[in-house]
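Text of the file final.cif, holding mmCIF, C-alpha atoms and all ligand atoms:
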```cif
data_coords
loop_
_atom_site.label_atom_id
_atom_site.label_comp_id
_atom_site.auth_asym_id
_atom_site.auth_seq_id
_atom_site.Cartn_x
_atom_site.Cartn_y
_atom_site.Cartn_z
CA MET A 257 -12.16 0.38 -12.18
CA ASP A 258 -9.36 -0.54 -14.55
CA TYR A 259 -6.67 -2.19 -12.38
CA LEU A 260 -3.24 -3.31 -13.44
CA ARG A 261 -3.49 -7.10 -13.06
CA ASN A 262 -0.18 -8.76 -13.79
CA THR A 263 1.56 -7.20 -10.85
CA TRP A 264 1.95 -7.60 -7.08
CA TYR A 265 -0.18 -5.93 -4.45
CA LEU A 266 0.45 -5.96 -0.73
CA ALA A 267 -2.36 -8.06 0.79
CA ALA A 268 -1.48 -7.66 4.46
CA TRP A 269 1.42 -7.46 6.87
CA SER A 270 2.77 -10.96 7.60
CA GLU A 271 2.06 -10.56 11.31
CA ASP A 272 -1.67 -10.14 10.56
CA ILE A 273 -1.96 -13.68 9.18
CA LYS A 274 -1.73 -15.86 12.23
CA ASP A 275 -1.41 -19.64 12.52
CA GLY A 276 -4.76 -21.39 12.69
CA LYS A 277 -6.77 -18.27 11.80
CA LEU A 278 -8.70 -17.34 8.68
CA PHE A 279 -8.05 -13.82 7.45
CA PRO A 280 -10.61 -12.39 5.00
CA ARG A 281 -9.67 -9.37 2.93
CA THR A 282 -11.07 -7.90 -0.28
CA LEU A 283 -8.47 -6.84 -2.83
CA LEU A 284 -9.33 -5.28 -6.18
CA GLU A 285 -13.02 -5.96 -5.50
CA ARG A 286 -12.33 -9.71 -5.02
CA PRO A 287 -13.14 -11.25 -1.62
CA LEU A 288 -10.22 -13.48 -0.60
CA VAL A 289 -9.40 -15.58 2.43
CA PHE A 290 -5.82 -15.95 3.63
CA PHE A 291 -4.39 -18.50 6.04
CA ARG A 292 -1.19 -20.34 6.87
CA ASP A 293 -0.75 -23.94 5.77
CA THR A 294 0.69 -26.40 8.30
CA ASP A 295 4.23 -25.50 7.16
CA GLY A 296 3.58 -21.77 7.66
CA THR A 297 3.22 -20.93 3.96
CA VAL A 298 0.55 -18.31 3.30
CA VAL A 299 -2.36 -19.43 1.12
CA ALA A 300 -4.86 -17.18 -0.69
CA LEU A 301 -8.17 -18.59 -1.89
CA ASP A 302 -11.31 -16.99 -3.25
CA ASP A 303 -13.55 -16.39 -0.26
CA ARG A 304 -16.45 -18.30 -1.80
CA CYS A 305 -17.50 -21.90 -1.34
CA PRO A 306 -18.40 -23.57 -4.66
CA HIS A 307 -21.47 -25.19 -3.05
CA ARG A 308 -23.84 -22.38 -2.05
CA PHE A 309 -21.27 -19.56 -2.23
CA ALA A 310 -20.93 -18.98 1.50
CA PRO A 311 -17.75 -17.09 2.42
CA LEU A 312 -15.15 -19.67 3.37
CA SER A 313 -13.76 -17.22 5.91
CA MET A 314 -16.80 -18.10 8.07
CA GLY A 315 -15.55 -21.68 8.22
CA LYS A 316 -12.84 -23.35 10.30
CA LEU A 317 -9.26 -24.37 9.75
CA ASP A 318 -8.46 -27.93 10.65
CA GLY A 319 -4.75 -28.55 10.12
CA GLY A 320 -4.17 -27.41 6.55
CA ARG A 321 -7.82 -27.94 5.62
CA LEU A 322 -10.47 -25.28 5.40
CA ARG A 323 -13.94 -26.52 6.32
CA CYS A 324 -16.87 -24.47 5.04
CA GLY A 325 -18.99 -23.28 7.94
CA TYR A 326 -22.27 -23.86 6.11
CA HIS A 327 -22.43 -27.56 5.04
CA GLY A 328 -18.92 -28.71 5.82
CA LEU A 329 -17.15 -29.30 2.51
CA GLU A 330 -13.39 -29.39 3.15
CA PHE A 331 -10.68 -27.87 0.94
CA ASP A 332 -6.92 -28.19 0.92
CA SER A 333 -4.51 -25.29 0.48
CA ALA A 334 -4.71 -25.61 -3.33
CA GLY A 335 -8.48 -25.09 -3.13
CA THR A 336 -9.28 -28.71 -4.05
CA CYS A 337 -12.25 -30.26 -2.27
CA VAL A 338 -10.89 -33.20 -0.31
CA ARG A 339 -13.93 -34.18 1.75
CA ASN A 340 -17.69 -34.17 1.35
CA PRO A 341 -19.25 -35.26 4.64
CA HIS A 342 -22.67 -35.92 3.05
CA GLY A 343 -24.24 -39.09 1.63
CA ALA A 344 -21.73 -41.29 -0.16
CA GLY A 345 -19.13 -38.55 0.08
CA ARG A 346 -18.72 -38.18 -3.68
CA ILE A 347 -16.74 -35.05 -4.54
CA PRO A 348 -18.17 -33.18 -7.56
CA ARG A 349 -15.53 -32.21 -10.12
CA ALA A 350 -16.53 -28.54 -9.94
CA ALA A 351 -15.93 -28.42 -6.19
CA LEU A 352 -12.84 -26.25 -6.56
CA VAL A 353 -11.88 -22.91 -5.10
CA ARG A 354 -9.52 -20.69 -7.04
CA SER A 355 -6.18 -20.18 -5.34
CA HIS A 356 -3.90 -17.20 -5.98
CA PRO A 357 -0.11 -16.80 -5.92
CA VAL A 358 1.25 -15.13 -2.80
CA VAL A 359 4.81 -14.42 -1.64
CA GLU A 360 6.04 -13.21 1.75
CA ARG A 361 8.66 -10.50 1.57
CA PHE A 362 9.71 -7.40 3.56
CA GLY A 363 7.35 -8.33 6.40
CA GLY A 364 4.34 -8.44 4.11
CA VAL A 365 2.24 -10.84 2.05
CA TRP A 366 2.17 -9.96 -1.65
CA TYR A 367 -0.68 -11.06 -3.88
CA TRP A 368 -0.38 -11.54 -7.65
CA ALA A 369 -3.59 -10.30 -9.26
CA GLY A 370 -3.09 -11.51 -12.84
CA ASP A 371 -3.17 -14.68 -14.94
CA LYS A 372 0.42 -14.48 -16.16
CA GLU A 373 3.22 -16.37 -14.42
CA PRO A 374 4.09 -14.35 -11.29
CA ASP A 375 7.65 -13.12 -10.94
CA PRO A 376 8.67 -12.34 -7.34
CA ALA A 377 11.60 -10.27 -8.67
CA LEU A 378 9.02 -7.64 -9.65
CA ILE A 379 8.17 -6.82 -6.02
CA PRO A 380 9.66 -3.36 -5.38
CA ASP A 381 12.46 -3.15 -2.84
CA PHE A 382 11.22 -2.47 0.69
CA ALA A 383 14.25 -4.01 2.40
CA ARG A 384 14.33 -0.91 4.62
CA LEU A 385 11.58 -2.63 6.57
CA ASP A 386 13.71 -5.67 7.33
CA ASP A 387 15.43 -4.14 10.36
CA ASP A 388 12.63 -4.59 12.88
CA ALA A 389 14.52 -2.77 15.63
CA GLN A 390 14.07 0.58 13.87
CA VAL A 391 10.67 0.07 12.31
CA THR A 392 7.58 1.73 13.76
CA ARG A 393 4.23 -0.06 14.01
CA ARG A 394 3.22 -1.82 10.81
CA ASP A 395 -0.05 -0.05 10.42
CA HIS A 396 -3.05 -0.69 8.23
CA LEU A 397 -6.04 1.51 7.60
CA VAL A 398 -8.78 1.47 5.01
CA MET A 399 -9.18 4.86 3.38
CA ASP A 400 -12.55 5.82 2.04
CA ALA A 401 -11.04 7.04 -1.22
CA PRO A 402 -9.88 5.54 -4.52
CA TYR A 403 -6.22 4.61 -4.62
CA ASP A 404 -5.27 6.97 -7.43
CA LEU A 405 -6.32 10.06 -5.46
CA ILE A 406 -4.15 8.84 -2.57
CA ILE A 407 -1.13 8.54 -4.87
CA ASP A 408 -1.85 12.06 -6.13
CA ASN A 409 -1.84 13.18 -2.51
CA LEU A 410 1.47 11.51 -1.71
CA LEU A 411 3.39 12.56 -4.80
CA ASP A 412 2.56 16.21 -4.25
CA CYS A 413 4.25 16.78 -0.91
CA SER A 414 3.51 20.51 -1.02
CA HIS A 415 0.21 19.64 0.69
CA THR A 416 2.11 19.01 3.94
CA SER A 417 2.49 22.79 4.38
CA PHE A 418 -1.31 23.14 4.51
CA LEU A 419 -2.92 19.87 5.55
CA HIS A 420 -0.15 18.91 8.01
CA ASP A 421 1.04 22.44 8.80
CA GLY A 422 3.30 22.43 11.84
CA MET A 423 3.67 18.65 12.05
CA LEU A 424 5.05 17.57 8.66
CA GLY A 425 5.36 20.86 6.82
CA ASN A 426 5.26 24.65 7.10
CA ALA A 427 4.91 27.70 4.89
CA GLU A 428 8.68 28.26 4.68
CA MET A 429 9.04 24.93 2.83
CA LEU A 430 6.83 26.00 -0.08
CA PRO A 431 8.95 27.97 -2.55
CA VAL A 432 11.14 25.07 -3.67
CA PRO A 433 11.30 23.21 -6.98
CA THR A 434 9.85 19.73 -7.49
CA GLU A 435 12.25 17.44 -9.35
CA VAL A 436 11.11 14.21 -11.01
CA ILE A 437 13.64 11.47 -11.78
CA GLN A 438 12.51 8.49 -13.84
CA ASP A 439 14.26 5.14 -14.14
CA GLY A 440 12.21 2.67 -16.19
CA THR A 441 8.78 2.68 -14.62
CA THR A 442 10.09 3.89 -11.25
CA ILE A 443 9.93 7.59 -10.45
CA ARG A 444 11.29 9.71 -7.63
CA VAL A 445 9.79 13.05 -6.72
CA VAL A 446 12.32 15.14 -4.82
CA ARG A 447 12.01 18.42 -2.94
CA TRP A 448 14.64 20.14 -0.78
CA ALA A 449 13.92 23.14 1.44
CA ARG A 450 17.02 24.90 2.78
CA SER A 451 17.42 26.60 6.11
CA VAL A 452 13.80 26.48 7.18
CA PRO A 453 12.15 25.89 10.56
CA PRO A 454 11.89 22.13 11.21
CA PRO A 455 8.40 20.61 10.94
CA GLY A 456 7.22 19.52 14.41
CA MET A 457 7.72 15.77 13.90
CA PHE A 458 11.34 16.31 12.87
CA ASP A 459 12.08 18.87 15.53
CA MET A 460 11.00 16.18 18.00
CA LEU A 461 13.32 13.63 16.38
CA PHE A 462 16.28 15.98 15.93
CA ARG A 463 17.28 18.82 18.24
CA GLY A 464 14.01 19.94 19.72
CA ASP A 465 15.11 23.59 19.69
CA GLY A 466 13.40 24.78 16.51
CA ALA A 467 16.76 25.75 14.95
CA PRO A 468 16.69 25.93 11.12
CA VAL A 469 17.36 22.78 9.11
CA ASP A 470 17.62 21.61 5.56
CA THR A 471 14.76 19.18 4.94
CA TRP A 472 13.84 16.93 2.05
CA THR A 473 11.13 14.63 0.78
CA ASP A 474 12.22 12.04 -1.79
CA PHE A 475 9.22 9.92 -2.75
CA ARG A 476 9.73 6.77 -4.81
CA TRP A 477 6.76 5.37 -6.70
CA ASP A 478 6.65 1.95 -8.32
CA PRO A 479 3.65 0.75 -10.26
CA PRO A 480 0.93 0.23 -9.48
CA SER A 481 0.69 1.85 -6.02
CA HIS A 482 3.85 1.22 -3.98
CA LEU A 483 5.55 4.23 -2.42
CA LEU A 484 8.61 4.70 -0.26
CA LEU A 485 9.32 8.10 1.26
CA ASP A 486 12.83 9.14 2.24
CA VAL A 487 12.28 12.16 4.50
CA GLY A 488 14.46 13.89 7.04
CA VAL A 489 16.28 16.94 8.33
CA THR A 490 19.93 17.89 8.66
CA PRO A 491 21.78 21.03 9.80
CA PRO A 492 21.82 23.70 7.06
CA GLY A 493 24.38 22.93 4.37
CA ARG A 494 25.31 19.55 5.88
CA PRO A 495 24.94 16.11 4.27
CA LYS A 496 21.89 13.99 5.05
CA GLU A 497 23.96 11.58 7.14
CA GLU A 498 24.46 14.26 9.80
CA GLY A 499 20.73 14.50 10.33
CA THR A 500 17.91 12.13 11.04
CA GLY A 501 14.89 10.82 9.22
CA TYR A 502 12.99 7.75 8.22
CA PHE A 503 11.92 5.69 5.26
CA GLY A 504 8.15 5.62 5.31
CA THR A 505 6.16 3.07 3.34
CA HIS A 506 2.87 3.99 1.78
CA ILE A 507 1.88 0.76 0.09
CA LEU A 508 -1.62 0.99 -1.31
CA THR A 509 -3.92 -1.77 -2.49
CA PRO A 510 -7.36 -1.02 -3.90
CA GLU A 511 -10.05 -2.72 -1.86
CA THR A 512 -12.86 -1.52 -4.11
CA ALA A 513 -13.11 1.23 -6.71
CA THR A 514 -13.64 3.75 -3.91
CA THR A 515 -11.78 2.31 -0.89
CA THR A 516 -8.10 1.55 -0.38
CA HIS A 517 -5.96 -0.52 1.96
CA TYR A 518 -3.18 1.73 3.21
CA HIS A 519 -0.12 -0.03 4.67
CA THR A 520 2.34 2.17 6.42
CA ALA A 521 5.42 1.84 8.61
CA ALA A 522 8.56 3.91 9.05
CA ALA A 523 12.15 2.73 9.36
CA ARG A 524 14.10 5.35 11.31
CA TRP A 525 17.77 6.17 10.91
CA GLY A 526 20.18 8.69 12.46
CA ILE A 527 18.40 8.21 15.78
CA GLN A 528 19.45 11.02 18.12
CA PRO A 529 20.33 10.57 21.79
CA GLY A 530 17.16 10.80 23.85
CA THR A 531 14.89 9.67 21.01
CA GLU A 532 15.70 5.94 21.11
CA SER A 533 12.86 4.93 23.43
CA SER A 534 9.91 2.82 22.39
CA GLY A 535 7.78 5.75 23.55
CA VAL A 536 9.21 7.95 20.77
CA ARG A 537 8.79 5.12 18.30
CA LEU A 538 5.14 4.81 19.28
CA LYS A 539 4.70 8.56 19.02
CA VAL A 540 6.05 8.55 15.45
CA SER A 541 3.55 5.77 14.60
CA ASP A 542 0.69 7.68 16.19
CA MET A 543 1.56 11.02 14.59
CA ARG A 544 1.84 9.46 11.15
CA ARG A 545 -1.44 7.62 11.57
CA PHE A 546 -3.10 10.82 12.77
CA ALA A 547 -1.82 12.68 9.69
CA PHE A 548 -3.13 10.05 7.27
CA GLU A 549 -6.39 9.24 9.02
CA GLU A 550 -7.46 12.61 10.41
CA GLN A 551 -5.92 15.02 7.90
CA ASP A 552 -5.34 13.34 4.53
CA GLU A 553 -8.32 11.02 4.44
CA PRO A 554 -11.09 13.58 5.13
CA MET A 555 -9.66 15.86 2.44
CA ILE A 556 -9.25 13.10 -0.17
CA ARG A 557 -12.69 11.67 0.62
CA ALA A 558 -14.28 15.10 0.23
CA GLN A 559 -12.27 15.72 -2.95
CA HIS A 560 -13.60 12.43 -4.35
CA ARG A 561 -17.19 13.35 -3.48
CA THR A 562 -16.77 16.72 -5.19
CA ILE A 563 -15.35 15.08 -8.31
CA GLN A 564 -18.30 12.68 -8.37
CA ALA A 565 -20.86 15.41 -7.75
CA PHE A 566 -19.77 17.34 -10.83
CA GLY A 567 -19.51 14.12 -12.83
CA ALA A 568 -19.09 14.47 -16.57
CA ASP A 569 -19.01 18.22 -16.19
CA ALA A 570 -15.38 18.06 -15.05
CA PRO A 571 -12.75 20.26 -16.65
CA ARG A 572 -9.14 19.07 -16.76
CA PRO A 573 -7.36 19.81 -13.48
CA VAL A 574 -5.30 22.98 -13.32
CA LEU A 575 -1.65 22.01 -13.09
CA LEU A 576 0.91 23.56 -10.76
CA GLU A 577 4.69 23.08 -10.70
CA THR A 578 4.26 20.73 -7.76
CA ASP A 579 2.18 18.35 -9.91
CA ALA A 580 5.20 17.16 -11.89
CA GLY A 581 5.28 13.79 -10.11
CA VAL A 582 1.51 13.38 -10.26
CA VAL A 583 1.48 13.93 -14.02
CA ARG A 584 4.34 11.47 -14.49
CA TRP A 585 2.91 8.56 -12.50
CA HIS A 586 -0.41 8.89 -14.36
CA ARG A 587 1.41 8.82 -17.68
CA ILE A 588 3.38 5.66 -16.78
CA MET A 589 0.28 3.97 -15.37
CA ASP A 590 -1.78 4.80 -18.47
CA GLU A 591 0.92 3.22 -20.63
CA LEU A 592 1.06 0.07 -18.49
CA LEU A 593 -2.72 -0.27 -18.50
CA ALA A 594 -2.84 0.20 -22.27
CA ALA A 595 -0.11 -2.44 -22.73
CA GLU A 596 -2.01 -4.88 -20.54
CA ARG A 597 -5.25 -4.25 -22.44
CA GLU A 598 -3.42 -4.91 -25.70
CA ASP A 599 -1.92 -8.10 -24.26
CA ASN A 600 -5.37 -9.36 -23.34
CA ALA A 601 -7.03 -8.32 -26.57
CA PRO A 602 -6.29 -11.42 -28.75
CA ALA A 603 -7.58 -13.81 -26.06
CA ALA A 604 -10.72 -11.72 -25.62
CA ASN A 605 -11.40 -11.67 -29.39
CA GLY A 606 -10.80 -15.39 -29.69
CA ARG A 607 -13.48 -16.26 -27.15
S1 LIG B 1 -21.90 -23.39 1.13
FE1 LIG B 1 -20.06 -24.36 1.63
S2 LIG B 1 -20.55 -26.39 2.01
FE2 LIG B 1 -22.43 -25.45 1.49
FE FE B 2 -0.47 13.89 3.66
#
```

For the structure just supplied, provide its representation as structure tokens.
Ligand code: FES
Ligand SMILES: [Fe+2]
Amino acid sequence: MDYLRNTWYLAAWSEDIKDGKLFPRTLLERPLVFFRDTDGTVVALDDRCPHRFAPLSMGKLDGGRLRCGYHGLEFDSAGTCVRNPHGAGRIPRAALVRSHPVVERFGGVWYWAGDKEPDPALIPDFARLDDDAQVTRRDHLVMDAPYDLIIDNLLDCSHTSFLHDGMLGNAEMLPVPTEVIQDGTTIRVVRWARSVPPPGMFDMLFRGDGAPVDTWTDFRWDPPSHLLLDVGVTPPGRPKEEGTGYFGTHILTPETATTTHYHTAAARWGIQPGTESSGVRLKVSDMRRFAFEEQDEPMIRAQHRTIQAFGADAPRPVLLETDAGVVRWHRIMDELLAAEREDNAPAANGR
């Protein structure tokens, strides 16, 4: 698959990379091993020993050194071999492991997938996640679907009225316009439904009496696959601030061409009396995970299989009004990929 390279991807939640532990994860088809150096800094190395290509993640951490589990070569956090326990202990010049730039921000570890100088200022703003007290479980699942189909799913929120009917959407929310707002390469896809029955999740978080609400979904997408959903309910005709909702992250990182790391958490606001408990927080985590894992994933996986089964025979997809955001993110992404290809072209020709 053609991935955007000179950009950040979320590798893992910070809390998943624990002191003294090796953490293997494949990103963009590249097996990597993550760990914390003695000062706590996260390190990312190729998960491949230069000797016989064993995965380094099957080795051991000894202070800041990673010892290969097969024949014991030792590497420092830059991927340089610093000890050969065999014979005279000579260290071959090629005994190097590639290391990759990583930055910790917003409770996550971000991985730079390109060769250009990484710029941490390019990480999209997920500061909503910084207030731990209101954030639900930082969840991770691997979806058996390519990342672009998952973005298509997210940016067309009309599917909630069918796939998540009753929990996150309902039929009354359908006849509303889809507005797309673009600022540089960032887009927002906004839908408002007025005076409709509250979807179950939001009835639980708001009044619990099924009384009509105004409800919105305002999905922000930043390239390549980073989404933040502002979603909530408020009494009909009243400003958002009088209601409740959350900012949900849907930060996707391709694992392979057909599987995707899905990082999700929700930062609640406007928390109503009686819904402050950790039990409610857990329930929001569980309901969201259920929606993504048991409702979205089977549909997207099946959609992908159908697309593959028909192969080259595929017509262009029929477009509906609700596809406005989907069309836009593809257009921006195609431009970015083309620009990156062009950037790489002279080097490739010169080889
Ligand atoms: S494969 Fe790593 S030391 Fe031999
Ligand atoms: Fe969904």

*One-decimal distance in Å that lies between CA of Thr500 (chain A) and CA of Asp542 (chain A)*: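 Computing it gives 18.5 Å between the two atoms.
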
*asked:* I'd like to know which of A:Lys274, A:His506, A:His327, A:His415 is closest to ligand FE 2 (chain B), using all atoms listed in the file.
replied: A:His415

If you take all atoms listed in the file and a cut-off of 6 Å, which residues of chain A touch ligand FE 2 (chain B), and what are their nearest atom pairs and distances in Å to one decimal, in chain and number order, as a Markdown table?
```
| residue | atom | partner | partner_atom | distance |
| --- | --- | --- | --- | --- |
| A:Thr416 | CA | B:FE2 | FE | 5.7 |
| A:Phe548 | CA | B:FE2 | FE | 5.9 |
| A:Asp552 | CA | B:FE2 | FE | 5.0 |
```

*asked:* Excluding region 257-271 of chain A and its own-chain neighbours fewer than 5 positions away, which residues fall within 6 Å of it when counting all atoms listed in the file? Please give them as a list in words.
replied: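 Contacts, with the query itself left out: Gly363, Gly364, Val365, Trp366, Tyr367, Trp368, Ala369, Gly370, Thr509, Ala513 and Leu593 of chain A.
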
*Among the residues A:Pro454, A:Arg584, A:Thr471, A:Pro280, the one that comes closest to Gly422 (chain A) [using only C-alpha atoms]*: A:Pro454

*asked:* List as a PyMOL selection string the protein and nucleic acid residues lying within 8 Å of ligand LIG 1 (chain B), with only C-alpha atoms and all ligand atoms counted.
replied: chain A and resi 304-312+323-330

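Reported to one decimal place, the separation of CA of Gly504 (chain A) from CA of Phe462 (chain A) is 16.9 Å.
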
*Leu288 (chain A): which residues within 6 Å, counting all atoms listed in the file, same-chain residues fewer than 5 positions away excluded, as a ChimeraX atom specification?*
/A:280-282,301-303

*For Thr531 (chain A), which residue among A:Asp293, A:Asp459, A:Asp388, A:Glu596 is the nearest when counting all atoms listed in the file?*
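Looking at the shortest contact to Thr531 (chain A), the residue is A:Asp459.
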
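Checking A:Val289, A:Val583, A:Met399, A:Val446 one by one against Val353 (chain A), counting all atoms listed in the file, you find the shortest gap at A:Val289.
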
Please provide the set of residues having any atom within 10 Å of Thr520 (chain A), restricted to all atoms listed in the file, with same-chain residues fewer than 4 positions apart removed, written as an mmCIF file with C-alpha atoms, keeping the file's coordinate frame.
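Output (selection38.cif):
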```
data_model
loop_
_atom_site.group_PDB
_atom_site.id
_atom_site.type_symbol
_atom_site.label_atom_id
_atom_site.label_comp_id
_atom_site.auth_asym_id
_atom_site.auth_seq_id
_atom_site.Cartn_x
_atom_site.Cartn_y
_atom_site.Cartn_z
ATOM 1 C CA TRP A 269 1.420 -7.460 6.870
ATOM 2 C CA THR A 392 7.580 1.730 13.760
ATOM 3 C CA ARG A 393 4.230 -0.060 14.010
ATOM 4 C CA ARG A 394 3.220 -1.820 10.810
ATOM 5 C CA ASP A 395 -0.050 -0.050 10.420
ATOM 6 C CA HIS A 396 -3.050 -0.690 8.230
ATOM 7 C CA LEU A 397 -6.040 1.510 7.600
ATOM 8 C CA LEU A 483 5.550 4.230 -2.420
ATOM 9 C CA LEU A 484 8.610 4.700 -0.260
ATOM 10 C CA GLY A 504 8.150 5.620 5.310
ATOM 11 C CA THR A 505 6.160 3.070 3.340
ATOM 12 C CA HIS A 506 2.870 3.990 1.780
ATOM 13 C CA ILE A 507 1.880 0.760 0.090
ATOM 14 C CA LEU A 508 -1.620 0.990 -1.310
ATOM 15 C CA SER A 541 3.550 5.770 14.600
ATOM 16 C CA ARG A 544 1.840 9.460 11.150
ATOM 17 C CA ARG A 545 -1.440 7.620 11.570
ATOM 18 C CA PHE A 548 -3.130 10.050 7.270
#
```

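When all atoms listed in the file are used to compute distances to Gly296 (chain A), the closest of the residues A:Lys372, A:Lys277, A:Arg557, A:His356 turns out to be A:Lys277.
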
*At what distance in Å, to one decimal, does CA of Trp477 (chain A) lie from CA of Met457 (chain A)?*
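Rounded to one decimal, the two atoms are 23.1 Å apart.
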
*Looking at A:Val445, A:Ile406, A:Ala427, A:Met460, which one is nearest to Glu549 (chain A), with distances taken over only C-alpha atoms?*
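Of A:Val445, A:Ile406, A:Ala427, A:Met460, the one nearest Glu549 (chain A) is A:Ile406, counting only C-alpha atoms.
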